[in-house]
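Colleague: Enclosed is the structure file target34.pdb (PDB, C-alpha atoms).
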ATOM      1  CA  MET I   1     -42.062 -12.192  32.399
ATOM      2  CA  ALA I   2     -40.424  -9.810  29.952
ATOM      3  CA  ILE I   3     -36.669  -9.351  30.292
ATOM      4  CA  LYS I   4     -35.517  -5.775  30.101
ATOM      5  CA  GLU I   5     -32.740  -5.397  27.566
ATOM      6  CA  SER I   6     -29.966  -2.890  28.003
ATOM      7  CA  LYS I   7     -27.616  -1.700  25.308
ATOM      8  CA  LYS I   8     -24.029  -2.703  26.039
ATOM      9  CA  PHE I   9     -22.324  -1.553  22.871
ATOM     10  CA  ALA I  10     -22.882   1.133  20.265
ATOM     11  CA  LYS I  11     -20.980   2.723  17.419
ATOM     12  CA  ALA I  12     -19.226   5.908  18.420
ATOM     13  CA  LYS I  13     -20.705   9.095  16.979
ATOM     14  CA  SER I  14     -17.302  10.090  15.613
ATOM     15  CA  LEU I  15     -16.990   6.835  13.651
ATOM     16  CA  ASN I  16     -18.330   7.032  10.102
ATOM     17  CA  GLU I  17     -20.730   4.421   8.746
ATOM     18  CA  VAL I  18     -18.478   2.914   6.046
ATOM     19  CA  ASP I  19     -17.407  -0.569   4.996
ATOM     20  CA  THR I  20     -13.976  -1.566   6.250
ATOM     21  CA  HIS I  21     -11.080  -2.063   3.860
ATOM     22  CA  TYR I  22      -8.991  -3.895   6.467
ATOM     23  CA  CYS I  23      -8.344  -7.639   6.369
ATOM     24  CA  SER I  24     -10.328  -9.968   8.621
ATOM     25  CA  GLY I  25      -8.819  -9.997  12.102
ATOM     26  CA  CYS I  26      -6.800  -6.812  11.627
ATOM     27  CA  GLY I  27      -6.535  -4.669  14.752
ATOM     28  CA  HIS I  28      -6.792  -1.299  13.011
ATOM     29  CA  GLY I  29     -10.593  -1.274  13.112
ATOM     30  CA  ILE I  30     -10.650  -1.859  16.856
ATOM     31  CA  VAL I  31      -8.222   0.990  17.476
ATOM     32  CA  HIS I  32     -10.148   3.311  15.136
ATOM     33  CA  HIS I  33     -13.257   2.723  17.227
ATOM     34  CA  LEU I  34     -11.419   3.214  20.521
ATOM     35  CA  ILE I  35     -10.087   6.566  19.329
ATOM     36  CA  THR I  36     -13.555   7.770  18.352
ATOM     37  CA  GLN I  37     -15.019   6.586  21.652
ATOM     38  CA  VAL I  38     -12.400   8.588  23.555
ATOM     39  CA  ILE I  39     -12.959  11.689  21.441
ATOM     40  CA  ASP I  40     -16.697  11.434  21.997
ATOM     41  CA  GLU I  41     -16.220  11.097  25.751
ATOM     42  CA  LEU I  42     -13.907  14.096  25.806
ATOM     43  CA  ASN I  43     -16.397  16.014  23.625
ATOM     44  CA  MET I  44     -13.555  16.966  21.275
ATOM     45  CA  ALA I  45     -14.926  15.951  17.864
ATOM     46  CA  GLU I  46     -15.137  19.576  16.698
ATOM     47  CA  ASN I  47     -11.640  20.304  17.966
ATOM     48  CA  THR I  48      -9.630  17.308  16.807
ATOM     49  CA  ILE I  49      -7.226  16.968  13.877
ATOM     50  CA  ALA I  50      -5.812  13.544  13.017
ATOM     51  CA  ILE I  51      -2.821  12.878  10.775
ATOM     52  CA  ALA I  52      -3.061   9.657   8.770
ATOM     53  CA  PRO I  53       0.054   7.740   7.660
ATOM     54  CA  VAL I  54       1.134   5.915   4.546
ATOM     55  CA  GLY I  55       0.477   2.211   5.057
ATOM     56  CA  CYS I  56      -2.566   0.077   5.764
ATOM     57  CA  ALA I  57      -4.193   3.027   7.555
ATOM     58  CA  VAL I  58      -3.568   5.453   4.690
ATOM     59  CA  ILE I  59      -7.315   6.177   4.437
ATOM     60  CA  ALA I  60      -8.003   6.189   8.175
ATOM     61  CA  TYR I  61      -9.655   9.575   7.662
ATOM     62  CA  ASP I  62     -12.509   7.834   5.840
ATOM     63  CA  TYR I  63     -13.557   6.284   9.147
ATOM     64  CA  TRP I  64     -13.372   9.393  11.322
ATOM     65  CA  ALA I  65     -16.046  12.092  11.497
ATOM     66  CA  PHE I  66     -13.570  14.785  12.492
ATOM     67  CA  ASP I  67     -10.901  16.761  10.668
ATOM     68  CA  SER I  68      -7.961  14.775   9.332
ATOM     69  CA  SER I  69      -4.913  15.351   7.195
ATOM     70  CA  GLU I  70      -2.520  13.125   5.250
ATOM     71  CA  ALA I  71       1.264  13.051   5.350
ATOM     72  CA  ALA I  72       3.990  11.694   3.120
ATOM     73  CA  HIS I  73       5.442   8.388   4.279
ATOM     74  CA  GLY I  74       7.153   8.880   7.627
ATOM     75  CA  ARG I  75       6.454  12.600   7.875
ATOM     76  CA  THR I  76       3.337  12.189   9.992
ATOM     77  CA  LEU I  77       4.706  13.723  13.181
ATOM     78  CA  ALA I  78       6.300  16.576  11.225
ATOM     79  CA  VAL I  79       2.882  17.457   9.782
ATOM     80  CA  ALA I  80       1.305  17.049  13.221
ATOM     81  CA  THR I  81       3.901  19.430  14.658
ATOM     82  CA  GLY I  82       3.094  22.128  12.112
ATOM     83  CA  ILE I  83      -0.652  21.806  12.625
ATOM     84  CA  LYS I  84      -0.378  21.848  16.415
ATOM     85  CA  ARG I  85       1.840  24.930  16.413
ATOM     86  CA  CYS I  86      -0.681  26.730  14.207
ATOM     87  CA  GLN I  87      -3.691  25.408  16.149
ATOM     88  CA  PRO I  88      -2.420  24.947  19.744
ATOM     89  CA  ASP I  89      -5.935  24.579  21.168
ATOM     90  CA  LYS I  90      -6.773  21.594  18.950
ATOM     91  CA  LEU I  91      -6.335  17.951  19.923
ATOM     92  CA  VAL I  92      -3.774  16.790  17.354
ATOM     93  CA  PHE I  93      -2.680  13.178  17.040
ATOM     94  CA  SER I  94      -0.767  11.075  14.549
ATOM     95  CA  TYR I  95      -1.782   7.521  13.682
ATOM     96  CA  GLN I  96       1.186   5.453  12.460
ATOM     97  CA  GLY I  97       2.372   1.944  11.762
ATOM     98  CA  ASP I  98       5.808   0.569  12.559
ATOM     99  CA  GLY I  99       7.177   1.202   9.054
ATOM    100  CA  ASP I 100       5.937   4.787   9.010
ATOM    101  CA  LEU I 101       7.013   5.654  12.560
ATOM    102  CA  ALA I 102      10.058   3.468  13.219
ATOM    103  CA  SER I 103      11.671   3.194   9.788
ATOM    104  CA  ILE I 104      11.309   5.954   7.213
ATOM    105  CA  GLY I 105       9.918   8.343   9.843
ATOM    106  CA  LEU I 106      12.314   7.540  12.682
ATOM    107  CA  ALA I 107      14.070  10.938  12.520
ATOM    108  CA  GLU I 108      10.743  12.807  12.636
ATOM    109  CA  THR I 109       9.619  10.615  15.527
ATOM    110  CA  ILE I 110      12.713  11.147  17.647
ATOM    111  CA  HIS I 111      12.949  14.891  17.082
ATOM    112  CA  ALA I 112       9.241  15.603  17.653
ATOM    113  CA  ALA I 113       9.454  13.637  20.900
ATOM    114  CA  ASN I 114      12.743  15.247  21.934
ATOM    115  CA  ARG I 115      11.335  18.737  21.371
ATOM    116  CA  GLY I 116       8.444  17.836  23.630
ATOM    117  CA  GLU I 117       5.858  18.718  20.997
ATOM    118  CA  ASN I 118       2.462  18.769  22.684
ATOM    119  CA  ILE I 119       0.962  16.122  20.422
ATOM    120  CA  SER I 120      -0.091  12.494  20.809
ATOM    121  CA  CYS I 121       0.936   9.506  18.738
ATOM    122  CA  ILE I 122      -1.011   6.274  18.289
ATOM    123  CA  PHE I 123       1.583   3.728  17.176
ATOM    124  CA  ILE I 124       0.350   0.450  15.662
ATOM    125  CA  ASN I 125       2.964  -2.309  15.956
ATOM    126  CA  ASN I 126       2.191  -5.390  13.880
ATOM    127  CA  ALA I 127       5.823  -6.374  13.352
ATOM    128  CA  CYS I 128       5.692  -6.148   9.553
ATOM    129  CA  TYR I 129       5.008  -3.976   6.520
ATOM    130  CA  GLY I 130       1.390  -4.939   5.975
ATOM    131  CA  MET I 131       0.378  -2.969   2.882
ATOM    132  CA  THR I 132       3.441  -3.285   0.664
ATOM    133  CA  GLY I 133       3.972  -7.039   0.650
ATOM    134  CA  GLY I 134       4.843  -8.184   4.149
ATOM    135  CA  GLN I 135       8.501  -7.168   4.325
ATOM    136  CA  MET I 136      10.569  -7.076   7.508
ATOM    137  CA  ALA I 137       9.877  -4.000   9.640
ATOM    138  CA  PRO I 138      12.006  -2.442  12.390
ATOM    139  CA  THR I 139       9.787  -4.269  14.901
ATOM    140  CA  THR I 140       9.891  -7.713  13.241
ATOM    141  CA  LEU I 141      10.833 -10.338  15.826
ATOM    142  CA  VAL I 142      14.018 -12.376  15.683
ATOM    143  CA  GLY I 143      13.187 -15.562  13.811
ATOM    144  CA  GLN I 144       9.983 -14.127  12.321
ATOM    145  CA  LYS I 145       9.486 -14.972   8.656
ATOM    146  CA  THR I 146       8.584 -12.148   6.279
ATOM    147  CA  ALA I 147       8.816 -11.526   2.539
ATOM    148  CA  THR I 148      12.380 -10.260   2.970
ATOM    149  CA  THR I 149      13.380 -12.681   5.759
ATOM    150  CA  PRO I 150      11.999 -15.991   4.425
ATOM    151  CA  LYS I 151      14.211 -17.957   6.831
ATOM    152  CA  GLY I 152      13.344 -15.720   9.773
ATOM    153  CA  ARG I 153      14.944 -12.481  10.946
ATOM    154  CA  ASP I 154      18.585 -13.179  11.773
ATOM    155  CA  PRO I 155      20.634 -10.471  13.543
ATOM    156  CA  GLY I 156      23.776 -12.376  12.605
ATOM    157  CA  ALA I 157      22.939 -11.971   8.922
ATOM    158  CA  GLY I 158      22.953  -8.186   9.117
ATOM    159  CA  GLN I 159      19.214  -7.856   9.740
ATOM    160  CA  GLY I 160      19.513  -6.316  13.194
ATOM    161  CA  TRP I 161      17.275  -6.627  16.228
ATOM    162  CA  PRO I 162      13.717  -5.360  16.814
ATOM    163  CA  LEU I 163      13.560  -1.708  17.824
ATOM    164  CA  GLN I 164      11.837  -1.031  21.123
ATOM    165  CA  ILE I 165      10.592   2.404  20.173
ATOM    166  CA  SER I 166       8.637   3.094  23.360
ATOM    167  CA  GLU I 167      11.615   2.394  25.604
ATOM    168  CA  MET I 168      13.842   4.553  23.386
ATOM    169  CA  LEU I 169      11.493   7.534  23.427
ATOM    170  CA  ALA I 170      10.802   7.238  27.159
ATOM    171  CA  LYS I 171      14.386   8.324  27.838
ATOM    172  CA  LEU I 172      13.826  11.727  26.237
ATOM    173  CA  ASN I 173      13.038  14.672  28.508
ATOM    174  CA  GLY I 174      10.302  16.033  26.241
ATOM    175  CA  VAL I 175       8.311  12.806  26.429
ATOM    176  CA  LYS I 176       5.747  12.769  29.252
ATOM    177  CA  TYR I 177       3.675   9.638  28.733
ATOM    178  CA  VAL I 178       4.507   6.325  27.047
ATOM    179  CA  VAL I 179       2.584   3.065  27.279
ATOM    180  CA  ARG I 180       2.401  -0.197  25.388
ATOM    181  CA  SER I 181      -0.808  -2.174  25.111
ATOM    182  CA  SER I 182      -2.557  -4.579  22.746
ATOM    183  CA  VAL I 183      -5.979  -5.339  21.327
ATOM    184  CA  ALA I 184      -5.553  -9.110  21.517
ATOM    185  CA  THR I 185      -8.124  -9.689  24.284
ATOM    186  CA  PRO I 186     -11.271  -7.882  25.476
ATOM    187  CA  ALA I 187      -9.497  -6.886  28.691
ATOM    188  CA  LYS I 188      -6.591  -5.389  26.738
ATOM    189  CA  VAL I 189      -8.984  -3.536  24.436
ATOM    190  CA  LYS I 190     -10.555  -1.858  27.469
ATOM    191  CA  GLU I 191      -7.109  -1.079  28.874
ATOM    192  CA  THR I 192      -6.038   0.431  25.555
ATOM    193  CA  TYR I 193      -9.069   2.715  25.629
ATOM    194  CA  ASN I 194      -7.930   4.075  28.999
ATOM    195  CA  TYR I 195      -4.373   4.562  27.727
ATOM    196  CA  ILE I 196      -5.540   6.526  24.686
ATOM    197  CA  LYS I 197      -7.732   8.701  26.886
ATOM    198  CA  LYS I 198      -4.800   9.385  29.215
ATOM    199  CA  ALA I 199      -2.509  10.283  26.292
ATOM    200  CA  PHE I 200      -5.051  12.745  24.918
ATOM    201  CA  THR I 201      -5.570  14.192  28.395
ATOM    202  CA  VAL I 202      -1.816  14.729  28.749
ATOM    203  CA  GLN I 203      -1.943  16.773  25.552
ATOM    204  CA  LEU I 204      -5.019  18.755  26.580
ATOM    205  CA  ASN I 205      -3.212  19.603  29.830
ATOM    206  CA  ARG I 206      -0.276  20.896  27.737
ATOM    207  CA  GLU I 207       2.180  18.525  29.369
ATOM    208  CA  GLY I 208       4.122  17.440  26.267
ATOM    209  CA  PHE I 209       4.577  14.476  23.952
ATOM    210  CA  SER I 210       2.617  11.258  24.538
ATOM    211  CA  LEU I 211       2.694   7.901  22.769
ATOM    212  CA  VAL I 212       0.509   4.800  22.924
ATOM    213  CA  GLU I 213       2.077   1.761  21.256
ATOM    214  CA  ILE I 214      -0.485  -0.923  20.433
ATOM    215  CA  LEU I 215       0.400  -4.502  19.503
ATOM    216  CA  SER I 216      -1.994  -5.342  16.686
ATOM    217  CA  SER I 217      -2.506  -8.468  14.607
ATOM    218  CA  CYS I 218      -1.828  -8.867  10.874
ATOM    219  CA  PRO I 219      -3.274 -12.305  10.009
ATOM    220  CA  THR I 220      -2.631 -11.903   6.275
ATOM    221  CA  VAL I 221       1.125 -11.332   6.529
ATOM    222  CA  TRP I 222       1.568 -13.607   9.536
ATOM    223  CA  ARG I 223      -0.336 -16.366   7.698
ATOM    224  CA  LEU I 224      -2.402 -17.137  10.760
ATOM    225  CA  ASP I 225      -6.116 -16.969  11.353
ATOM    226  CA  PRO I 226      -7.440 -14.166  13.592
ATOM    227  CA  VAL I 227      -7.566 -16.328  16.728
ATOM    228  CA  GLN I 228      -4.035 -17.648  16.165
ATOM    229  CA  SER I 229      -2.828 -14.102  15.509
ATOM    230  CA  ASN I 230      -4.064 -12.871  18.869
ATOM    231  CA  GLU I 231      -2.512 -15.886  20.544
ATOM    232  CA  TRP I 232       0.796 -15.053  18.844
ATOM    233  CA  ILE I 233       0.658 -11.538  20.262
ATOM    234  CA  ASN I 234       0.022 -12.917  23.749
ATOM    235  CA  THR I 235       2.709 -15.611  23.610
ATOM    236  CA  GLU I 236       5.437 -14.198  21.349
ATOM    237  CA  MET I 237       5.206 -10.443  20.756
ATOM    238  CA  VAL I 238       4.886  -9.551  24.424
ATOM    239  CA  LYS I 239       8.239 -11.233  25.117
ATOM    240  CA  GLN I 240       9.971  -8.608  22.975
ATOM    241  CA  PHE I 241       7.488  -5.823  23.667
ATOM    242  CA  PRO I 242       6.308  -6.006  27.321
ATOM    243  CA  LEU I 243       2.947  -4.386  28.015
ATOM    244  CA  GLY I 244       2.263  -1.624  30.498
ATOM    245  CA  VAL I 245       3.110   1.954  31.413
ATOM    246  CA  ILE I 246       6.693   2.769  30.456
ATOM    247  CA  LYS I 247       6.782   6.441  31.432
ATOM    248  CA  GLU I 248       4.251   8.565  33.286
TER
END
Represent the structure of the file as structure tokens.

Modeller:
Amino acid sequence: MAIKESKKFAKAKSLNEVDTHYCSGCGHGIVHHLITQVIDELNMAENTIAIAPVGCAVIAYDYWAFDSSEAAHGRTLAVATGIKRCQPDKLVFSYQGDGDLASIGLAETIHAANRGENISCIFINNACYGMTGGQMAPTTLVGQKTATTPKGRDPGAGQGWPLQISEMLAKLNGVKYVVRSSVATPAKVKETYNYIKKAFTVQLNREGFSLVEILSSCPTVWRLDPVQSNEWINTEMVKQFPLGVIKE
């Protein structure tokens, strides 16, 4: 008896057919696909403009079959603001890592959120500077070893504590939707898809600023294999960065 096969998974139409430049086990590719799946479901491919950051995702636009722009390091939300104000009917989102959003671009992040700009931000938190050598980032955990904290991040040595960006932004009146998720398990990947869709819907409803923070692995800098990296997210990162809806 022949078994009828059904297709469970397919590449999103808005995702280009290109080879990945990301390291094995990196979470960026998963999030890229989730974004394109959401855009396809919302039927917004012809009306979307993405702003790529400086960092590991500097050429994110190569993967997306919709309009994209580039921004100087940290200025991603400033560029997104200008584009959205000129094209208010477009779905405009920034895609940023923790160095881009929470370090050099922290002022742009806070002020865009505080103004209630009707844009969405996809924030990738891998607790390090991935592209430039693995230095300590604003989100690096206490005790975590990086290129610039070889003995582990030590607040007592003037290295400060990890910034909880989502909790900080949630206190601002202009911010309407903030969540934190991960792509460390299949269940969390599905949950992240729903969060991204909700953030984009908030924007399409003209409700204000929305942000989805995503805990994502960086096996190369963490010096772990992909499985160990996801385990580290589930056992260590979530202690500092609890998952779930922070503001709705």

Colleague: Any chance you could resolve the PyMOL selection byres ((chain I and resi 244) around 8) against this file and give the residues as a list in words?

Modeller: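 Against this file, the PyMOL selection byres ((chain I and resi 244) around 8) returns the residues Val179, Arg180, Ser181, Pro242, Leu243, Val245 and Ile246 of chain I.
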
Colleague: What is the CA of Val54 in chain I-CA of Asn205 in chain I distance in Å, reported with one decimal?

Modeller: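 Atom-to-atom, CA of Val54 in chain I and CA of Asn205 in chain I are spaced 29.1 Å apart.
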
Colleague: Give the answer as one residue: which of I:Ser103, I:Thr81, I:Ser69, I:Ser94 has the shortest atom-to-atom distance to Cys121 in chain I, using only C-alpha atoms?

Modeller: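 Ranking I:Ser103, I:Thr81, I:Ser69, I:Ser94 by distance to Cys121 in chain I, first place goes to I:Ser94.
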
Colleague: What lies within 7 Å of Ser217 in chain I using all atoms listed in the file, ignoring chain neighbours under 3 positions off, as a list of chain:residue names?

Modeller: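 Surrounding residues, per the criterion: I:Gly25, I:Cys26, I:Gly27, I:Asn126, I:Ser229, I:Asn230.
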
Colleague: Compile the contact shell of Ile83 in chain I as a PyMOL selection string: residues with an atom at most 12 Å away, counting all atoms listed in the file, same-chain residues fewer than 4 positions apart removed.

Modeller: chain I and resi 48-51+67-71+76-79+87-94+117-119

Colleague: Under the rule that all atoms listed in the file are counted, which of I:Leu163, I:Ile39, I:Ala113, I:Val189 is the nearest residue to Lys176 in chain I?

Modeller: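 Counting all atoms listed in the file, the residue closest to Lys176 in chain I is I:Ala113.
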
Colleague: Between I:Leu169, I:Ala147, I:Leu141, I:Cys128, single out the one closest to Gln240 in chain I, counting all atoms listed in the file.

Modeller: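 Among the listed residues, I:Leu141 lies closest to Gln240 in chain I.
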
Colleague: When you draw a straight line from CA of Gln144 in chain I to CA of Gln159 in chain I, how long is it in Å?

Modeller: 11.5 Å

Colleague: Determine the residue membership of the PyMOL selection byres ((chain I and resi 11) around 12) for the file above and supply it as a PyMOL selection string.

Modeller: chain I and resi 7-10+12-18+29-30+32-37+40+63-64

Colleague: May I have the residues at most 10 Å from (-0.9, 5.2, 29.6) in the file's coordinates, counting all atoms listed in the file, as a VMD selection string?

Modeller: chain I and resid 177 to 181 191 to 200 202 210 to 213 244 to 248

Colleague: Would you work out the distance separating CA of Gln228 in chain I from CA of Thr148 in chain I, expressed in Å to one decimal?

Modeller: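 About the pair CA of Gln228 in chain I and CA of Thr148 in chain I: they are 22.3 Å apart.
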
Colleague: Run through the PyMOL selection byres ((chain I and resi 233) around 10) on the given coordinates and return the selected residues as a list in words.

Modeller: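 That selection, the PyMOL selection byres ((chain I and resi 233) around 10), comes back as Asn126, Ser182, Val183, Ala184, Thr185, Leu215, Ser216, Ser217, Gln228, Ser229, Asn230, Glu231, Trp232, Asn234, Thr235, Glu236, Met237, Val238, Lys239 and Phe241 of chain I.
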
Colleague: In terms of the shortest atom-to-atom distance over all atoms listed in the file, which of I:Ala112, I:Cys218, I:Ala102, I:Ile122 is closest to Gly174 in chain I?

Modeller: I:Ala112

Colleague: With 6 Å of padding per side, what axis-aligned box (centre and edge lengths, Å, one decimal) covers all the listed atoms of range 47-50 of chain I? Give it as JSON.

Modeller:
{"center_x": -8.7, "center_y": 16.9, "center_z": 15.5, "size_x": 17.8, "size_y": 18.8, "size_z": 16.9}
